[in-house]
Every structure is written in structure tokens, then in C-alpha cells.
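Student: So that you have it, the file is data-v1.json, and it contains JSON, C-alpha atoms and all ligand atoms:
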[["chain", "number", "residue", "atom", "x", "y", "z"],
["A", 1, "MET", "CA", -24.65, -18.15, -44.87],
["A", 2, "ASP", "CA", -22.66, -20.67, -46.94],
["A", 3, "TRP", "CA", -18.89, -20.64, -47.55],
["A", 4, "THR", "CA", -19.08, -18.53, -50.70],
["A", 5, "ALA", "CA", -21.28, -15.86, -49.14],
["A", 6, "LEU", "CA", -19.21, -15.83, -45.96],
["A", 7, "GLU", "CA", -15.93, -15.42, -47.82],
["A", 8, "ALA", "CA", -17.39, -12.57, -49.88],
["A", 9, "GLU", "CA", -18.71, -10.90, -46.73],
["A", 10, "VAL", "CA", -15.28, -11.07, -45.08],
["A", 11, "GLU", "CA", -13.61, -9.63, -48.18],
["A", 12, "ARG", "CA", -15.82, -6.56, -48.20],
["A", 13, "CYS", "CA", -15.94, -6.07, -44.41],
["A", 14, "THR", "CA", -15.20, -2.58, -43.09],
["A", 15, "ALA", "CA", -16.63, -3.12, -39.61],
["A", 16, "CYS", "CA", -13.52, -2.25, -37.60],
["A", 17, "ALA", "CA", -10.38, -0.13, -37.57],
["A", 18, "LEU", "CA", -8.27, -2.88, -39.18],
["A", 19, "ALA", "CA", -9.97, -2.67, -42.57],
["A", 20, "PRO", "CA", -8.30, 0.51, -43.92],
["A", 21, "THR", "CA", -4.74, -0.77, -43.35],
["A", 22, "ARG", "CA", -5.07, -4.33, -44.63],
["A", 23, "THR", "CA", -3.62, -5.47, -47.94],
["A", 24, "ARG", "CA", -5.93, -8.50, -48.08],
["A", 25, "THR", "CA", -8.34, -10.21, -45.76],
["A", 26, "VAL", "CA", -7.14, -13.58, -44.46],
["A", 27, "PHE", "CA", -10.16, -15.83, -44.37],
["A", 28, "GLY", "CA", -8.93, -19.27, -43.32],
["A", 29, "VAL", "CA", -7.47, -22.31, -45.00],
["A", 30, "GLY", "CA", -7.81, -26.05, -45.11],
["A", 31, "ASP", "CA", -10.21, -28.90, -45.06],
["A", 32, "ARG", "CA", -13.75, -27.51, -44.72],
["A", 33, "SER", "CA", -15.01, -30.67, -43.08],
["A", 34, "ALA", "CA", -12.00, -31.25, -40.84],
["A", 35, "ARG", "CA", -12.15, -32.89, -37.42],
["A", 36, "TRP", "CA", -9.43, -30.50, -36.20],
["A", 37, "LEU", "CA", -9.77, -26.72, -36.14],
["A", 38, "PHE", "CA", -6.81, -24.57, -35.07],
["A", 39, "VAL", "CA", -7.44, -20.91, -34.23],
["A", 40, "GLY", "CA", -4.70, -18.27, -34.07],
["A", 41, "GLU", "CA", -4.74, -14.58, -33.38],
["A", 42, "GLY", "CA", -4.58, -12.53, -36.55],
["A", 43, "PRO", "CA", -2.59, -12.17, -39.76],
["A", 44, "GLY", "CA", 0.99, -10.92, -39.71],
["A", 45, "ALA", "CA", 2.85, -9.18, -42.54],
["A", 46, "GLU", "CA", 3.30, -12.25, -44.77],
["A", 47, "GLU", "CA", -0.26, -13.43, -44.22],
["A", 48, "ASP", "CA", -1.54, -9.94, -45.09],
["A", 49, "GLN", "CA", 0.36, -10.10, -48.40],
["A", 50, "ARG", "CA", -0.64, -13.64, -49.31],
["A", 51, "GLY", "CA", -4.15, -13.87, -47.89],
["A", 52, "GLU", "CA", -3.43, -17.16, -46.10],
["A", 53, "PRO", "CA", -3.09, -17.74, -42.34],
["A", 54, "PHE", "CA", 0.16, -18.88, -40.75],
["A", 55, "VAL", "CA", 2.51, -18.67, -43.74],
["A", 56, "GLY", "CA", 5.37, -16.88, -41.93],
["A", 57, "GLN", "CA", 7.89, -18.24, -39.45],
["A", 58, "ALA", "CA", 5.21, -19.05, -36.86],
["A", 59, "GLY", "CA", 3.31, -20.84, -39.60],
["A", 60, "ARG", "CA", 6.25, -23.11, -40.32],
["A", 61, "LEU", "CA", 6.32, -24.07, -36.65],
["A", 62, "LEU", "CA", 2.56, -24.64, -36.74],
["A", 63, "ASP", "CA", 3.02, -26.95, -39.74],
["A", 64, "ASN", "CA", 5.55, -28.96, -37.70],
["A", 65, "MET", "CA", 3.14, -29.07, -34.77],
["A", 66, "LEU", "CA", 0.41, -30.38, -37.10],
["A", 67, "ALA", "CA", 2.81, -32.97, -38.57],
["A", 68, "SER", "CA", 3.62, -34.19, -35.05],
["A", 69, "ILE", "CA", -0.02, -35.20, -34.60],
["A", 70, "GLY", "CA", -0.28, -36.71, -38.08],
["A", 71, "ILE", "CA", -2.16, -33.97, -39.90],
["A", 72, "ALA", "CA", -1.19, -31.43, -42.55],
["A", 73, "ARG", "CA", -2.50, -28.10, -43.78],
["A", 74, "GLY", "CA", -5.29, -28.92, -46.19],
["A", 75, "ASN", "CA", -5.74, -32.46, -44.95],
["A", 76, "GLY", "CA", -7.75, -33.07, -41.78],
["A", 77, "VAL", "CA", -7.41, -29.57, -40.37],
["A", 78, "TYR", "CA", -8.90, -26.14, -40.88],
["A", 79, "ILE", "CA", -6.91, -23.07, -39.76],
["A", 80, "ALA", "CA", -8.42, -19.66, -38.97],
["A", 81, "ASN", "CA", -7.77, -16.59, -36.87],
["A", 82, "ILE", "CA", -9.70, -14.47, -34.38],
["A", 83, "VAL", "CA", -9.39, -11.47, -36.72],
["A", 84, "LYS", "CA", -9.25, -11.60, -40.54],
["A", 85, "CYS", "CA", -7.23, -8.41, -41.05],
["A", 86, "ARG", "CA", -3.69, -7.61, -39.94],
["A", 87, "PRO", "CA", -3.37, -5.46, -36.83],
["A", 88, "PRO", "CA", -0.82, -2.76, -37.74],
["A", 89, "GLY", "CA", 2.70, -3.49, -36.51],
["A", 90, "ASN", "CA", 1.54, -6.97, -35.44],
["A", 91, "ARG", "CA", -0.02, -5.62, -32.27],
["A", 92, "ASN", "CA", -2.64, -7.73, -30.53],
["A", 93, "PRO", "CA", -6.15, -7.28, -31.88],
["A", 94, "GLU", "CA", -8.23, -5.07, -29.63],
["A", 95, "ALA", "CA", -11.38, -6.42, -27.97],
["A", 96, "ALA", "CA", -13.63, -4.36, -30.27],
["A", 97, "GLU", "CA", -11.81, -5.68, -33.36],
["A", 98, "ALA", "CA", -12.12, -9.29, -32.18],
["A", 99, "GLN", "CA", -15.78, -8.68, -31.37],
["A", 100, "ALA", "CA", -16.45, -7.20, -34.82],
["A", 101, "CYS", "CA", -14.93, -10.32, -36.42],
["A", 102, "SER", "CA", -16.41, -12.92, -34.06],
["A", 103, "ALA", "CA", -19.52, -13.73, -36.14],
["A", 104, "PHE", "CA", -17.29, -14.69, -39.09],
["A", 105, "LEU", "CA", -15.30, -17.18, -37.02],
["A", 106, "ARG", "CA", -18.45, -18.45, -35.37],
["A", 107, "ARG", "CA", -19.96, -19.23, -38.78],
["A", 108, "GLN", "CA", -16.72, -20.84, -40.01],
["A", 109, "ILE", "CA", -16.79, -23.12, -36.97],
["A", 110, "GLU", "CA", -20.45, -24.00, -37.58],
["A", 111, "LEU", "CA", -19.72, -24.81, -41.23],
["A", 112, "VAL", "CA", -16.64, -26.94, -40.50],
["A", 113, "GLY", "CA", -18.30, -28.73, -37.58],
["A", 114, "PRO", "CA", -14.97, -29.79, -36.03],
["A", 115, "THR", "CA", -14.66, -32.50, -33.38],
["A", 116, "LEU", "CA", -12.04, -30.47, -31.49],
["A", 117, "ILE", "CA", -10.84, -26.85, -31.52],
["A", 118, "VAL", "CA", -7.25, -26.01, -30.57],
["A", 119, "ALA", "CA", -6.87, -22.39, -29.43],
["A", 120, "LEU", "CA", -3.35, -21.12, -30.08],
["A", 121, "GLY", "CA", -2.32, -18.62, -27.43],
["A", 122, "LYS", "CA", -3.97, -16.17, -25.11],
["A", 123, "ILE", "CA", -5.80, -14.01, -27.66],
["A", 124, "ALA", "CA", -7.50, -17.03, -29.24],
["A", 125, "ALA", "CA", -8.32, -18.60, -25.88],
["A", 126, "THR", "CA", -9.60, -15.35, -24.35],
["A", 127, "ASN", "CA", -11.89, -14.57, -27.25],
["A", 128, "LEU", "CA", -13.22, -18.10, -27.74],
["A", 129, "LEU", "CA", -13.81, -18.76, -24.05],
["A", 130, "GLY", "CA", -14.90, -15.24, -23.12],
["A", 131, "ARG", "CA", -12.53, -14.95, -20.16],
["A", 132, "ASP", "CA", -9.16, -13.38, -19.79],
["A", 133, "VAL", "CA", -6.85, -15.84, -18.04],
["A", 134, "PRO", "CA", -3.27, -16.96, -18.71],
["A", 135, "VAL", "CA", -2.71, -19.86, -21.14],
["A", 136, "GLY", "CA", -0.89, -21.74, -18.37],
["A", 137, "SER", "CA", -4.06, -22.03, -16.32],
["A", 138, "LEU", "CA", -6.16, -23.25, -19.28],
["A", 139, "ARG", "CA", -3.84, -26.03, -20.51],
["A", 140, "GLY", "CA", -4.55, -29.70, -19.91],
["A", 141, "ARG", "CA", -8.35, -29.40, -19.66],
["A", 142, "VAL", "CA", -11.17, -29.66, -22.14],
["A", 143, "HIS", "CA", -13.14, -26.41, -22.43],
["A", 144, "ASP", "CA", -16.24, -25.65, -24.45],
["A", 145, "TYR", "CA", -16.92, -23.27, -27.35],
["A", 146, "ARG", "CA", -20.65, -23.27, -28.12],
["A", 147, "GLY", "CA", -20.85, -27.03, -27.60],
["A", 148, "VAL", "CA", -17.55, -27.86, -29.34],
["A", 149, "PRO", "CA", -14.73, -29.24, -27.15],
["A", 150, "LEU", "CA", -11.74, -26.90, -27.07],
["A", 151, "VAL", "CA", -8.18, -27.25, -25.78],
["A", 152, "VAL", "CA", -5.58, -24.53, -25.34],
["A", 153, "THR", "CA", -1.87, -24.41, -26.09],
["A", 154, "TYR", "CA", 0.80, -21.80, -26.68],
["A", 155, "HIS", "CA", 0.90, -19.72, -29.84],
["A", 156, "PRO", "CA", 3.72, -20.77, -32.20],
["A", 157, "ALA", "CA", 5.09, -17.20, -32.28],
["A", 158, "TYR", "CA", 5.38, -17.32, -28.48],
["A", 159, "LEU", "CA", 7.13, -20.69, -28.72],
["A", 160, "LEU", "CA", 9.69, -19.23, -31.13],
["A", 161, "ARG", "CA", 10.60, -16.69, -28.42],
["A", 162, "ASN", "CA", 10.35, -19.16, -25.51],
["A", 163, "LEU", "CA", 11.95, -22.36, -26.75],
["A", 164, "PRO", "CA", 11.82, -24.24, -23.40],
["A", 165, "ASP", "CA", 8.01, -24.07, -23.51],
["A", 166, "LYS", "CA", 8.03, -26.23, -26.66],
["A", 167, "ALA", "CA", 8.04, -29.25, -24.34],
["A", 168, "LYS", "CA", 4.79, -28.01, -22.77],
["A", 169, "ALA", "CA", 3.29, -27.48, -26.22],
["A", 170, "TRP", "CA", 4.18, -31.09, -27.05],
["A", 171, "GLU", "CA", 2.37, -32.20, -23.86],
["A", 172, "ASP", "CA", -0.64, -30.15, -25.00],
["A", 173, "LEU", "CA", -0.60, -31.78, -28.44],
["A", 174, "CYS", "CA", -0.49, -35.23, -26.84],
["A", 175, "PHE", "CA", -3.44, -34.19, -24.66],
["A", 176, "ALA", "CA", -5.26, -32.92, -27.76],
["A", 177, "MET", "CA", -4.62, -36.22, -29.57],
["A", 178, "ASP", "CA", -5.92, -38.24, -26.61],
["A", 179, "THR", "CA", -8.98, -35.98, -26.42],
["A", 180, "MET", "CA", -9.62, -36.40, -30.14],
["A", 181, "GLN", "CA", -9.32, -40.17, -29.84],
["A", 182, "ALA", "CA", -11.77, -40.27, -26.92],
["A", 183, "LEU", "CA", -14.27, -38.01, -28.71],
["A", 184, "THR", "CA", -14.08, -40.04, -31.92],
["A", 185, "ALA", "CA", -14.48, -43.33, -30.02],
["A", 186, "SER", "CA", -17.48, -42.08, -28.03],
["A", 187, "ARG", "CA", -19.14, -40.74, -31.20],
["A", 188, "SER", "CA", -18.67, -43.99, -33.07],
["A", 189, "SER", "CA", -20.05, -46.03, -30.15],
["A", 190, "GLU", "CA", -23.05, -43.65, -29.96],
["A", 191, "ALA", "CA", -23.59, -44.13, -33.71],
["A", 192, "THR", "CA", -23.40, -47.93, -33.32],
["A", 193, "ALA", "CA", -25.82, -47.87, -30.38],
["A", 194, "GLY", "CA", -28.25, -45.80, -32.44],
["A", 195, "ALA", "CA", -28.03, -48.04, -35.51],
["A", 196, "PRO", "CA", -31.13, -50.15, -36.32],
["B", 1, "LIG", "N1", -0.23, -15.79, -38.55],
["B", 1, "LIG", "C1", -1.55, -16.00, -38.45],
["B", 1, "LIG", "O1", -2.24, -16.20, -39.44],
["B", 1, "LIG", "N2", -2.09, -15.99, -37.23],
["B", 1, "LIG", "C2", -1.39, -15.80, -36.14],
["B", 1, "LIG", "O2", -1.96, -15.86, -35.05],
["B", 1, "LIG", "C3", 0.00, -15.57, -36.28],
["B", 1, "LIG", "C4", 0.56, -15.56, -37.50]]
Give the structure from the file, written as C-alpha cells.
Ligand code: URA
Tutor:
Amino acid sequence: MDWTALEAEVERCTACALAPTRTRTVFGVGDRSARWLFVGEGPGAEEDQRGEPFVGQAGRLLDNMLASIGIARGNGVYIANIVKCRPPGNRNPEAAEAQACSAFLRRQIELVGPTLIVALGKIAATNLLGRDVPVGSLRGRVHDYRGVPLVVTYHPAYLLRNLPDKAKAWEDLCFAMDTMQALTASRSSEATAGAP
């Protein structure tokens, strides 16, 4: 499925209990051939109105986090969520809802072909890695999502409520940048080695 078909499929999806209460689906935003892919949880109230991920207060913090590693929404990064419809009252998406949406995110990731995925918070990490463990125990290591390297940090909405953990998120972003640099360097040396 290409981008156009996928977007249309998401827009008409009624596969889970979130569909009847959404205002709009929130597909994803950004550079469709980005090296970076950030994955959040699900749309909040503002995202549900505007149809774009991370446009509320947490989104402004995410934009600052992106700026700190030299990227910007729409330039070098693609941003998506585990679920494309707002969970009522901003509750966490349920496992069945995340499962119903997982093929959409999987295809988005295939189409973008990122070098590195950054999972924002426990819901993103749990669903992408298929195991339910605290963010604290996943930080600082490179994990794997279907062959794509993945790192984990705190969700910006959590950081807004737990300001002291911003320092840990900064450590995670530095780790993500180092990981990206190493991946890019090893790919370019592989390409050089393979050149005629
Ligand atoms: N907005 C989003 O789009 N995703 C989140 O995870 C939080 C806020």
C-alpha cells in the first residue's frame, strides 16, 4: 500500500472503539523519507481537532526536543502515534485499540524506512517492542523493531509533569544522536566497501 492508499484507509477506519468518538484521524506528519522517526501514544484534544500529531503543549516540548538534536518537524523527521484516533478523555489506548492500529504504523515505518526510531513513553515502547516494562529499564540501549534500531525516552507529556526527568530525556537524546551517528557511519562505510 502506498502513502495515498494508506492515508485513505486510516481515514475510513472503523476497526476499534475509538472511531465513533474521533473528530478526525491523526495520520502522521513530516518528512516521508526521514532518518528519524518519533512515535508517540495517541492524539489528544488539539490533535483530534487539527488532524496533526503533537500540536498541543506536549507537542511544543517535542519540537524543542527535536531542535536540541538539530531537526525540525517536516525536516529530517517523521512523527506518528501508536493509535490514529483520540482515546476519549486522553486515557491510554487499550491493547486491542493499539493492536487494531498496528498495521498502519507498521506500514508507515516501512514506507519511511527510518535509520532510527525513538519511542516516546511507555505506551509507544510497549507496543513497538511487544513487552510491558517501565521506560526506565529500556533507556540507554538500542532495541529492535522489525529490523529497525529503536531507542526509548520519556513522553513529553510525562516530562511536563515531572520536570526533573528532563535531564534524563536530554541524556536519552544524546544517546539517540550518538546512535544515529554510528548507524550512519557504518552504513556509509558499508556502501563504500560495496562500491565497484
Ligand atoms: N499528541 C500526540 O499526537 N501524541 C501523543 O502521544 C501525545 C500528544
Student: Taking into account all atoms listed in the file, which residue in the set A:Thr25, A:Ser137, A:Thr184, A:Asn81 is nearest to Pro149 in chain A?
Tutor: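 Ranked by minimum distance to Pro149 in chain A, first place goes to A:Thr184.
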Student: Do a neighbour search on Gly42 in chain A at 9 Å with all atoms listed in the file, toss out local chain neighbours closer than 4 positions, and write the hits as a ChimeraX atom specification.
Tutor: /A:26,47,53-54,80-87,90,92-93
Student: Can you write just those residues out, C-alpha atoms, as a PDB file, in the frame of the given file?
Tutor:
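Output below, filename again39.pdb:
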ATOM      1  CA  VAL A  26      -7.140 -13.580 -44.460  1.00  0.00           C
ATOM      2  CA  GLU A  47      -0.260 -13.430 -44.220  1.00  0.00           C
ATOM      3  CA  PRO A  53      -3.090 -17.740 -42.340  1.00  0.00           C
ATOM      4  CA  PHE A  54       0.160 -18.880 -40.750  1.00  0.00           C
ATOM      5  CA  ALA A  80      -8.420 -19.660 -38.970  1.00  0.00           C
ATOM      6  CA  ASN A  81      -7.770 -16.590 -36.870  1.00  0.00           C
ATOM      7  CA  ILE A  82      -9.700 -14.470 -34.380  1.00  0.00           C
ATOM      8  CA  VAL A  83      -9.390 -11.470 -36.720  1.00  0.00           C
ATOM      9  CA  LYS A  84      -9.250 -11.600 -40.540  1.00  0.00           C
ATOM     10  CA  CYS A  85      -7.230  -8.410 -41.050  1.00  0.00           C
ATOM     11  CA  ARG A  86      -3.690  -7.610 -39.940  1.00  0.00           C
ATOM     12  CA  PRO A  87      -3.370  -5.460 -36.830  1.00  0.00           C
ATOM     13  CA  ASN A  90       1.540  -6.970 -35.440  1.00  0.00           C
ATOM     14  CA  ASN A  92      -2.640  -7.730 -30.530  1.00  0.00           C
ATOM     15  CA  PRO A  93      -6.150  -7.280 -31.880  1.00  0.00           C
TER      16      PRO A  93
END
Student: If I wrap all listed atoms of ligand LIG 1 (chain B) in a box with edges along x, y and z and add 5 Å on each side, what are its centre and edge lengths in Å to one decimal, as lines of an AutoDock Vina configuration file?
Tutor:
center_x = -0.8
center_y = -15.9
center_z = -37.2
size_x = 12.8
size_y = 10.6
size_z = 14.4
Student: Find the residues around range 154-162 of chain A up to 12 Å (only C-alpha atoms counted), leave out those fewer than 3 positions away in its own chain, and share them as number ranges by chain.
Tutor: A: 38-44, 54-66, 81, 90, 118-125, 134-140, 151, 165-173
Student: Would you mind telling me which residue in A:Leu128, A:Tyr78, A:Thr179, A:Arg73 lies nearest to Ala103 in chain A when using only C-alpha atoms?
Tutor: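 Selected residue with least distance to Ala103 in chain A: A:Leu128.
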Student: Applying 10 Å and all atoms listed in the file, which residues near Ala100 in chain A remain after dropping the ones on its own chain fewer than 6 positions away? List them as JSON, numbers by chain.
Tutor: {"A": [13, 14, 15, 16, 17, 82, 83, 94]}
